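Q: Below is the file query.cif, which contains mmCIF, C-alpha atoms and all ligand atoms.
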data_run
#
loop_
_atom_site.label_atom_id
_atom_site.label_comp_id
_atom_site.auth_asym_id
_atom_site.auth_seq_id
_atom_site.Cartn_x
_atom_site.Cartn_y
_atom_site.Cartn_z
CA MET Z 5 0.87 23.97 -14.28
CA PHE Z 6 -2.81 24.77 -13.74
CA GLU Z 7 -5.22 27.47 -14.90
CA LYS Z 8 -5.30 30.26 -12.34
CA ASN Z 9 -8.96 29.85 -11.34
CA LEU Z 10 -9.11 26.08 -11.63
CA LEU Z 11 -10.69 25.61 -8.21
CA ASN Z 12 -13.05 28.61 -8.15
CA ASN Z 13 -16.33 27.60 -6.50
CA LYS Z 14 -14.70 24.67 -4.73
CA ARG Z 15 -14.98 24.43 -0.95
CA ILE Z 16 -12.46 22.01 0.46
CA LEU Z 17 -11.80 20.72 3.98
CA VAL Z 18 -8.25 19.60 4.74
CA SER Z 19 -7.80 17.61 7.95
CA GLY Z 20 -4.47 18.25 9.60
CA GLY Z 21 -4.21 21.30 7.36
CA GLY Z 22 -2.32 23.43 9.87
CA SER Z 23 1.12 22.03 9.10
CA GLY Z 24 3.19 19.73 6.92
CA LEU Z 25 1.70 18.04 3.89
CA GLY Z 26 -1.83 19.25 4.69
CA LYS Z 27 -0.73 22.86 4.78
CA ALA Z 28 1.10 22.52 1.46
CA MET Z 29 -1.94 21.05 -0.28
CA ALA Z 30 -4.33 23.56 1.31
CA THR Z 31 -2.06 26.36 0.08
CA ARG Z 32 -2.21 25.16 -3.51
CA TYR Z 33 -6.02 24.79 -3.36
CA LEU Z 34 -6.28 28.35 -2.04
CA GLU Z 35 -3.95 29.74 -4.71
CA LEU Z 36 -6.19 28.18 -7.35
CA GLY Z 37 -9.35 29.82 -6.03
CA ALA Z 38 -10.92 27.38 -3.56
CA ASP Z 39 -12.40 28.36 -0.19
CA ILE Z 40 -10.52 26.37 2.40
CA TYR Z 41 -11.33 24.89 5.78
CA ILE Z 42 -8.53 23.39 7.84
CA CYS Z 43 -9.10 21.32 10.95
CA GLY Z 44 -6.88 19.81 13.59
CA ARG Z 45 -6.26 19.55 17.31
CA ARG Z 46 -3.99 22.57 17.74
CA LYS Z 47 -6.16 25.65 17.28
CA SER Z 48 -3.26 28.11 17.61
CA VAL Z 49 -1.33 26.36 14.82
CA LEU Z 50 -4.42 26.31 12.61
CA ASP Z 51 -5.12 30.00 13.26
CA GLU Z 52 -1.54 30.96 12.43
CA THR Z 53 -1.65 28.97 9.21
CA ALA Z 54 -5.01 30.44 8.18
CA LYS Z 55 -3.69 33.96 8.71
CA GLU Z 56 -0.39 33.26 6.97
CA LEU Z 57 -2.10 31.79 3.92
CA MET Z 58 -4.67 34.56 3.59
CA ASP Z 59 -1.98 37.24 4.05
CA MET Z 60 -0.01 35.59 1.28
CA HIS Z 61 -2.74 34.64 -1.17
CA GLY Z 62 -5.98 36.35 -0.11
CA GLY Z 63 -9.12 34.23 -0.30
CA SER Z 64 -10.74 32.42 2.59
CA VAL Z 65 -9.14 29.95 5.00
CA LYS Z 66 -11.17 29.06 8.10
CA SER Z 67 -9.73 27.04 10.93
CA ILE Z 68 -11.79 24.70 13.07
CA SER Z 69 -10.60 22.83 16.13
CA CYS Z 70 -11.64 19.20 15.73
CA ASP Z 71 -10.25 15.87 16.88
CA ILE Z 72 -11.23 13.43 14.15
CA LYS Z 73 -11.27 10.59 16.68
CA VAL Z 74 -14.47 12.10 18.08
CA PRO Z 75 -17.51 11.62 15.82
CA GLU Z 76 -19.56 14.26 17.68
CA ALA Z 77 -16.82 16.83 17.11
CA ILE Z 78 -16.89 16.03 13.40
CA GLU Z 79 -20.68 16.48 13.30
CA ASP Z 80 -20.34 19.90 14.98
CA MET Z 81 -17.66 20.91 12.51
CA VAL Z 82 -19.65 19.77 9.51
CA ASP Z 83 -22.74 21.65 10.80
CA GLU Z 84 -20.60 24.77 11.13
CA ILE Z 85 -19.20 24.44 7.61
CA TRP Z 86 -22.58 23.61 6.05
CA SER Z 87 -24.12 26.67 7.69
CA GLU Z 88 -21.94 28.62 5.24
CA GLY Z 89 -22.54 26.24 2.35
CA PRO Z 90 -21.73 22.65 1.41
CA LEU Z 91 -18.24 21.35 0.83
CA THR Z 92 -17.23 20.11 -2.59
CA GLY Z 93 -14.13 18.25 -1.46
CA LEU Z 94 -12.50 16.55 1.50
CA LEU Z 95 -8.79 15.88 1.85
CA ASN Z 96 -8.19 13.26 4.54
CA ASN Z 97 -4.67 14.17 5.55
CA ALA Z 98 -4.61 13.99 9.37
CA ALA Z 99 -2.64 11.02 10.70
CA GLY Z 100 -0.60 9.79 13.62
CA ASN Z 101 2.41 7.53 13.47
CA PHE Z 102 5.72 6.59 15.07
CA ILE Z 103 8.26 3.89 14.35
CA SER Z 104 8.54 1.09 16.87
CA ARG Z 105 9.28 -2.60 17.03
CA THR Z 106 5.83 -4.15 16.97
CA GLU Z 107 6.52 -6.30 20.02
CA ASP Z 108 7.12 -3.08 21.98
CA LEU Z 109 3.64 -1.70 21.26
CA SER Z 110 1.06 -1.73 24.04
CA PRO Z 111 -2.64 -1.86 23.17
CA ARG Z 112 -2.78 1.87 23.93
CA ALA Z 113 0.07 2.54 21.53
CA PHE Z 114 -1.78 0.66 18.80
CA THR Z 115 -5.03 2.53 19.37
CA ALA Z 116 -3.24 5.90 19.66
CA ILE Z 117 -2.50 5.50 15.95
CA SER Z 118 -5.43 3.44 14.68
CA ASN Z 119 -8.01 5.67 16.37
CA ILE Z 120 -6.77 8.63 14.36
CA VAL Z 121 -5.91 7.01 11.07
CA PHE Z 122 -8.44 4.20 10.71
CA ASN Z 123 -11.41 5.33 12.81
CA GLY Z 124 -11.01 9.08 12.39
CA THR Z 125 -10.62 9.01 8.63
CA PHE Z 126 -13.67 6.78 8.29
CA TYR Z 127 -15.73 9.06 10.55
CA MET Z 128 -14.76 12.07 8.43
CA THR Z 129 -15.48 10.32 5.15
CA ASN Z 130 -18.85 8.99 6.24
CA ALA Z 131 -20.00 12.22 7.91
CA ILE Z 132 -19.33 14.28 4.80
CA GLY Z 133 -20.31 11.58 2.32
CA LYS Z 134 -23.72 11.26 4.01
CA ARG Z 135 -24.36 14.99 3.66
CA TRP Z 136 -23.61 14.83 -0.04
CA LEU Z 137 -25.82 11.78 -0.50
CA ASN Z 138 -28.72 13.32 1.45
CA GLU Z 139 -28.50 16.56 -0.51
CA ASN Z 140 -27.84 14.93 -3.86
CA LEU Z 141 -24.51 16.72 -4.22
CA LYS Z 142 -21.36 15.61 -5.95
CA GLY Z 143 -18.13 15.44 -4.00
CA SER Z 144 -14.53 14.34 -4.17
CA ILE Z 145 -12.56 12.71 -1.36
CA ILE Z 146 -8.82 12.22 -1.38
CA SER Z 147 -7.12 10.27 1.39
CA ILE Z 148 -3.41 10.40 2.05
CA LEU Z 149 -2.36 6.75 2.26
CA THR Z 150 1.04 5.12 1.84
CA THR Z 151 2.63 2.70 -0.57
CA TRP Z 152 2.68 0.29 2.38
CA VAL Z 153 -0.94 -0.51 1.66
CA ASP Z 154 0.27 -2.62 -1.27
CA SER Z 155 3.50 -3.87 0.20
CA SER Z 156 4.22 -3.97 3.94
CA GLY Z 157 4.99 -1.64 6.79
CA PRO Z 158 7.50 -3.22 9.15
CA TYR Z 159 8.05 -1.03 12.26
CA THR Z 160 4.92 0.97 11.40
CA VAL Z 161 2.37 -1.81 11.69
CA PRO Z 162 -0.55 0.13 13.25
CA SER Z 163 -0.27 2.79 10.56
CA ALA Z 164 0.17 0.26 7.76
CA MET Z 165 -2.84 -1.77 8.95
CA SER Z 166 -4.96 1.36 9.28
CA LYS Z 167 -3.99 2.82 5.92
CA SER Z 168 -4.62 -0.56 4.25
CA GLY Z 169 -8.12 -0.40 5.67
CA LEU Z 170 -8.52 3.07 4.21
CA ALA Z 171 -7.35 1.81 0.83
CA THR Z 172 -10.16 -0.73 1.01
CA MET Z 173 -12.56 2.03 2.06
CA THR Z 174 -11.46 4.12 -0.93
CA ARG Z 175 -12.00 1.33 -3.42
CA SER Z 176 -15.25 0.14 -1.82
CA LEU Z 177 -16.91 3.54 -1.58
CA ALA Z 178 -15.77 4.48 -5.09
CA ALA Z 179 -17.99 1.60 -6.18
CA GLU Z 180 -20.78 2.10 -3.63
CA TRP Z 181 -21.15 5.86 -4.11
CA GLY Z 182 -19.98 6.11 -7.73
CA ASN Z 183 -23.46 6.20 -9.19
CA ARG Z 184 -24.26 9.24 -7.03
CA GLY Z 185 -21.39 11.43 -8.10
CA ILE Z 186 -19.05 10.90 -5.19
CA ARG Z 187 -15.57 9.79 -6.03
CA LEU Z 188 -12.72 8.70 -3.80
CA ASN Z 189 -9.04 8.43 -4.55
CA GLY Z 190 -5.90 7.90 -2.52
CA ILE Z 191 -2.43 9.37 -2.74
CA ALA Z 192 0.49 7.29 -1.51
CA PRO Z 193 3.36 9.69 -0.87
CA GLY Z 194 6.90 8.46 -0.50
CA PRO Z 195 9.29 10.46 1.65
CA PHE Z 196 8.33 14.11 1.82
CA PRO Z 197 10.29 15.14 4.90
CA THR Z 198 8.15 17.34 7.12
CA LYS Z 199 8.84 17.97 10.77
CA GLY Z 200 5.75 16.23 12.14
CA ALA Z 201 6.41 13.03 10.24
CA TRP Z 202 10.20 13.00 10.36
CA ASP Z 203 10.42 13.53 14.12
CA ARG Z 204 8.45 10.30 14.47
CA LEU Z 205 9.58 8.24 11.48
CA ALA Z 206 13.25 9.14 11.12
CA PRO Z 207 14.35 10.46 14.51
CA GLY Z 208 17.99 11.43 15.01
CA ASP Z 209 19.99 10.61 11.90
CA LYS Z 210 17.87 7.62 10.88
CA GLY Z 211 16.86 9.30 7.61
CA LYS Z 212 20.43 9.61 6.35
CA ASN Z 213 20.51 6.41 4.27
CA LEU Z 214 17.11 7.02 2.79
CA MET Z 215 18.37 8.21 -0.58
CA ASN Z 216 19.81 4.75 -1.28
CA ALA Z 217 16.28 3.40 -1.30
CA ILE Z 218 14.92 5.94 -3.77
CA PRO Z 219 15.75 5.38 -7.44
CA MET Z 220 15.35 9.10 -8.12
CA LYS Z 221 17.87 9.83 -5.35
CA ARG Z 222 15.85 12.61 -3.81
CA THR Z 223 12.89 13.16 -1.55
CA GLY Z 224 9.64 14.65 -2.82
CA GLU Z 225 8.91 18.34 -3.21
CA LEU Z 226 5.76 19.51 -1.45
CA SER Z 227 4.73 21.30 -4.64
CA GLU Z 228 4.73 17.96 -6.50
CA LEU Z 229 2.38 16.46 -3.95
CA ALA Z 230 0.16 19.54 -4.03
CA ASN Z 231 -0.05 19.32 -7.83
CA LEU Z 232 -1.25 15.71 -7.70
CA ALA Z 233 -3.78 16.57 -4.98
CA THR Z 234 -5.05 19.40 -7.21
CA PHE Z 235 -5.36 17.22 -10.28
CA LEU Z 236 -7.43 14.69 -8.33
CA MET Z 237 -9.63 17.39 -6.77
CA ALA Z 238 -10.31 19.42 -9.92
CA ASP Z 239 -13.10 18.93 -12.43
CA GLY Z 240 -12.14 17.17 -15.60
CA CYS Z 241 -11.24 13.66 -14.50
CA GLU Z 242 -14.47 12.54 -12.89
CA TYR Z 243 -14.07 9.09 -14.39
CA LEU Z 244 -11.00 8.60 -12.19
CA THR Z 245 -12.14 7.05 -8.93
CA GLY Z 246 -11.09 4.27 -6.58
CA GLU Z 247 -7.42 4.68 -7.50
CA ILE Z 248 -4.38 4.95 -5.25
CA ILE Z 249 -1.56 6.83 -6.88
CA ALA Z 250 1.98 6.58 -5.56
CA ILE Z 251 4.22 9.65 -5.75
CA ASP Z 252 7.53 8.38 -4.43
CA GLY Z 253 10.30 8.48 -7.04
CA ALA Z 254 9.71 4.72 -7.52
CA GLN Z 255 10.85 4.04 -3.95
CA TRP Z 256 8.41 1.24 -3.25
CA LEU Z 257 9.09 -0.53 -6.53
CA ASN Z 258 12.75 -0.99 -5.65
CA HIS Z 259 12.02 -3.46 -2.88
CA ALA Z 260 9.22 -5.34 -4.54
CA GLY Z 261 11.02 -8.68 -4.37
CA ASN Z 262 13.16 -7.82 -7.40
CA PHE Z 263 16.87 -7.32 -8.12
CA TYR Z 264 17.03 -3.54 -7.63
CA GLU Z 265 19.01 -3.60 -4.39
CA MET Z 266 21.51 -6.14 -5.75
CA LEU Z 267 22.14 -4.34 -9.03
CA LYS Z 268 21.60 -0.64 -8.47
CA ASP Z 269 25.30 0.20 -8.13
CA VAL Z 270 26.74 -2.10 -10.82
CA THR Z 271 29.23 -0.27 -13.08
CA ASP Z 272 29.49 -0.51 -16.87
CA GLU Z 273 32.58 -2.74 -16.54
CA GLU Z 274 30.82 -5.01 -14.08
CA TRP Z 275 27.84 -5.30 -16.43
CA GLU Z 276 30.26 -6.49 -19.15
CA GLN Z 277 31.69 -9.06 -16.74
CA LEU Z 278 28.25 -10.23 -15.68
CA ARG Z 279 27.20 -10.56 -19.29
CA GLY Z 280 30.31 -12.67 -19.92
CA LEU Z 281 29.54 -14.92 -16.95
CA ILE Z 282 25.95 -15.43 -18.12
CA LYS Z 283 27.15 -16.18 -21.66
CA ALA Z 284 29.68 -18.74 -20.40
CA SER Z 285 26.94 -20.46 -18.44
CA ASN Z 286 24.60 -20.46 -21.43
CA ASP Z 287 27.34 -21.79 -23.69
CA ALA Z 288 28.14 -24.61 -21.27
CA ASP Z 289 24.44 -25.58 -21.24
CA LYS Z 290 24.19 -25.44 -25.02
CA ALA Z 291 27.28 -27.65 -25.42
CA LYS Z 292 25.43 -30.41 -23.60
CA ARG Z 293 22.22 -30.17 -25.67
CA SER Z 294 21.44 -33.06 -27.97
CA VAL Z 295 18.50 -31.35 -29.76
C1 LIG Z 301 6.38 2.62 21.51
C2 LIG Z 301 5.02 4.38 22.12
C3 LIG Z 301 5.87 5.29 21.46
C4 LIG Z 301 7.04 4.76 20.82
C5 LIG Z 301 4.22 6.40 22.31
N1 LIG Z 301 4.03 5.11 22.64
N2 LIG Z 301 5.34 6.54 21.59
N3 LIG Z 301 5.27 3.06 22.16
N4 LIG Z 301 7.24 3.44 20.88
N5 LIG Z 301 7.89 5.54 20.16
C6 LIG Z 301 2.95 4.56 23.45
C7 LIG Z 301 2.88 5.17 24.83
O1 LIG Z 301 3.77 4.51 25.71
C8 LIG Z 301 1.43 4.92 25.20
O2 LIG Z 301 1.19 3.60 25.58
C9 LIG Z 301 0.72 5.08 23.87
O3 LIG Z 301 1.69 4.91 22.86
C10 LIG Z 301 0.13 6.47 23.72
O4 LIG Z 301 1.18 7.39 23.97
P1 LIG Z 301 0.91 8.95 24.06
O5 LIG Z 301 2.18 9.68 24.20
O6 LIG Z 301 -0.18 9.18 25.06
O7 LIG Z 301 0.36 9.13 22.62
P2 LIG Z 301 -0.53 10.22 22.04
O8 LIG Z 301 -0.42 11.49 22.82
O9 LIG Z 301 -1.88 9.63 21.82
O10 LIG Z 301 0.22 10.49 20.70
C11 LIG Z 301 0.68 9.51 19.78
C12 LIG Z 301 0.39 10.01 18.39
C13 LIG Z 301 0.98 11.43 18.33
C14 LIG Z 301 -1.08 9.95 18.19
C15 LIG Z 301 0.96 9.17 17.31
O11 LIG Z 301 2.37 11.36 18.05
C16 LIG Z 301 0.27 12.29 17.39
O12 LIG Z 301 -0.80 12.79 17.66
N6 LIG Z 301 0.83 12.47 16.20
C17 LIG Z 301 0.21 13.29 15.17
C18 LIG Z 301 1.18 13.71 14.17
C19 LIG Z 301 1.92 12.58 13.52
O13 LIG Z 301 2.12 11.52 14.13
N7 LIG Z 301 2.39 12.80 12.33
C20 LIG Z 301 3.15 11.79 11.60
C21 LIG Z 301 2.29 11.23 10.54
S1 LIG Z 301 3.32 10.44 9.45
P3 LIG Z 301 1.13 3.13 27.13
O14 LIG Z 301 0.60 1.73 27.08
O15 LIG Z 301 2.55 3.21 27.62
O16 LIG Z 301 0.23 4.08 27.86
C22 LIG Z 301 2.45 9.24 8.73
C23 LIG Z 301 3.24 8.47 7.74
C24 LIG Z 301 2.38 7.79 6.77
O17 LIG Z 301 1.33 9.00 9.01
C25 LIG Z 301 2.03 8.72 5.69
C26 LIG Z 301 3.11 8.88 4.69
C27 LIG Z 301 2.94 10.11 3.97
#
Please lay out the structure from this file as structure tokens.
Ligand code: HXC

A:
Amino acid sequence: MFEKNLLNNKRILVSGGGSGLGKAMATRYLELGADIYICGRRKSVLDETAKELMDMHGGSVKSISCDIKVPEAIEDMVDEIWSEGPLTGLLNNAAGNFISRTEDLSPRAFTAISNIVFNGTFYMTNAIGKRWLNENLKGSIISILTTWVDSSGPYTVPSAMSKSGLATMTRSLAAEWGNRGIRLNGIAPGPFPTKGAWDRLAPGDKGKNLMNAIPMKRTGELSELANLATFLMADGCEYLTGEIIAIDGAQWLNHAGNFYEMLKDVTDEEWEQLRGLIKASNDADKAKRSV
């Protein structure tokens, strides 16, 4: 889909890049020539991933232990990266989430999620954005959001609130930093089942009815997500900033207050019947018209 060396000379940091979606996107960036940094809280997982990716694709993947909730840890990490050269891109992928009835959440449960998603992602964005601004460098930031930022996130309220804040950050900073060559975009993935997310969002067999909610009747392929993340990170679409792009097989559009759920399984014969019923109703109305 892309030219082989599309991301040569790019240096990209992927938070939460040791597993799941982050790993998939980091892999594609590496394959296309970028130098990669991955950060997270589990150093052994990061190290394994870095080795696996370099064994498979060559290139450079460096792992750094960093909890994005801790601004000082981010500063140390950014110092370490910059000592080897500036980044060109940041992929805000790290997150925390679990499903719960909202009334069951303690304040600690709320902050366990919001401290990572809302605070941590802002700390990362501002720490790296400031470096670029101070050094007059261009940069691209992608944040993994959700479609819930434009609809609603029942049972995932701390995540939905946090990601909505990040959507506002994305749009605001696209405007604030746009004249200095820094662009920000968001990706809103639908269901891409990975262990980390699915253990917390669809435990047990809770994911089994999911397909009914997805017009395309399938979950996403990690390669599809990685392709979108590449397109947004590559040169060539610099005018694209402040956007949040859903990649979800139209899942979120099927519950946007419309008739999808009511009509999705209607057969050809039933459509004929429905059409007849509507016509009969129209005809009855027309028969009463005097003009
Ligand atoms: C209610 C719960 C709970 C649950 C924990 N708590 N689980 N409350 N229902 N199922 C409460 C605890 O009782 C405690 O409150 C508080 O939350 C903190 O609990 P800890 O176990 O100490 O949490 P912590 O170790 O901080 O870990 C929570 C976490 C963790 C941060 C969310 O799971 C984590 O680090 N996850 C990272 C990976 C991840 O979540 N990936 C999924 C991302 S998916 P009390 O008051 O009792 O002490 C995603 C989807 C959106 O983001 C993106 C779409 C693509």

Q: Could the residues that lie within 9 Å of ligand LIG 301 (chain Z), counting all atoms listed in the file, be listed as an MDAnalysis selection string?

A: chainID Z and resid 20 24:25 45 97:106 108:121 148:152 160 163:164 167 191:205

Q: Go ahead and save the residues from that selection, with C-alpha atoms, as a short mmCIF file (atom, residue, chain, number, x, y, z; two decimals), keeping the file's coordinate frame.

A:
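Result file again24.cif:
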data_model
loop_
_atom_site.label_atom_id
_atom_site.label_comp_id
_atom_site.auth_asym_id
_atom_site.auth_seq_id
_atom_site.Cartn_x
_atom_site.Cartn_y
_atom_site.Cartn_z
CA GLY Z 20 -4.47 18.25 9.60
CA GLY Z 24 3.19 19.73 6.92
CA LEU Z 25 1.70 18.04 3.89
CA ARG Z 45 -6.26 19.55 17.31
CA ASN Z 97 -4.67 14.17 5.55
CA ALA Z 98 -4.61 13.99 9.37
CA ALA Z 99 -2.64 11.02 10.70
CA GLY Z 100 -0.60 9.79 13.62
CA ASN Z 101 2.41 7.53 13.47
CA PHE Z 102 5.72 6.59 15.07
CA ILE Z 103 8.26 3.89 14.35
CA SER Z 104 8.54 1.09 16.87
CA ARG Z 105 9.28 -2.60 17.03
CA THR Z 106 5.83 -4.15 16.97
CA ASP Z 108 7.12 -3.08 21.98
CA LEU Z 109 3.64 -1.70 21.26
CA SER Z 110 1.06 -1.73 24.04
CA PRO Z 111 -2.64 -1.86 23.17
CA ARG Z 112 -2.78 1.87 23.93
CA ALA Z 113 0.07 2.54 21.53
CA PHE Z 114 -1.78 0.66 18.80
CA THR Z 115 -5.03 2.53 19.37
CA ALA Z 116 -3.24 5.90 19.66
CA ILE Z 117 -2.50 5.50 15.95
CA SER Z 118 -5.43 3.44 14.68
CA ASN Z 119 -8.01 5.67 16.37
CA ILE Z 120 -6.77 8.63 14.36
CA VAL Z 121 -5.91 7.01 11.07
CA ILE Z 148 -3.41 10.40 2.05
CA LEU Z 149 -2.36 6.75 2.26
CA THR Z 150 1.04 5.12 1.84
CA THR Z 151 2.63 2.70 -0.57
CA TRP Z 152 2.68 0.29 2.38
CA THR Z 160 4.92 0.97 11.40
CA SER Z 163 -0.27 2.79 10.56
CA ALA Z 164 0.17 0.26 7.76
CA LYS Z 167 -3.99 2.82 5.92
CA ILE Z 191 -2.43 9.37 -2.74
CA ALA Z 192 0.49 7.29 -1.51
CA PRO Z 193 3.36 9.69 -0.87
CA GLY Z 194 6.90 8.46 -0.50
CA PRO Z 195 9.29 10.46 1.65
CA PHE Z 196 8.33 14.11 1.82
CA PRO Z 197 10.29 15.14 4.90
CA THR Z 198 8.15 17.34 7.12
CA LYS Z 199 8.84 17.97 10.77
CA GLY Z 200 5.75 16.23 12.14
CA ALA Z 201 6.41 13.03 10.24
CA TRP Z 202 10.20 13.00 10.36
CA ASP Z 203 10.42 13.53 14.12
CA ARG Z 204 8.45 10.30 14.47
CA LEU Z 205 9.58 8.24 11.48
#

Q: One decimal, in Å: what's the spacing between CA of Glu180 in chain Z and CA of Lys73 in chain Z?

A: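 We find that CA of Glu180 in chain Z and CA of Lys73 in chain Z lie 24.0 Å from each other.
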
Q: Provide the CA of Asn189 in chain Z to CA of Leu236 in chain Z distance in Å, to one decimal place.

A: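 Between CA of Asn189 in chain Z and CA of Leu236 in chain Z the gap works out to 7.5 Å.
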
Q: Go ahead and compute the interatomic distance for CA of Asp252 in chain Z and CA of Leu11 in chain Z, in Å to one decimal.

A: 25.4 Å

Q: Out of Z:Gly133, Z:Gly93, Z:Gly157, Z:Pro75, which residue has the shortest atom-to-atom distance to Met237 in chain Z when counting only C-alpha atoms?

A: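 Nearest candidate to Met237 in chain Z out of Z:Gly133, Z:Gly93, Z:Gly157, Z:Pro75: Z:Gly93.
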
Q: Between Z:Ala217, Z:Ile145, Z:Cys241, Z:Leu57, single out the one closest to Ser23 in chain Z, counting all atoms listed in the file.

A: Z:Leu57
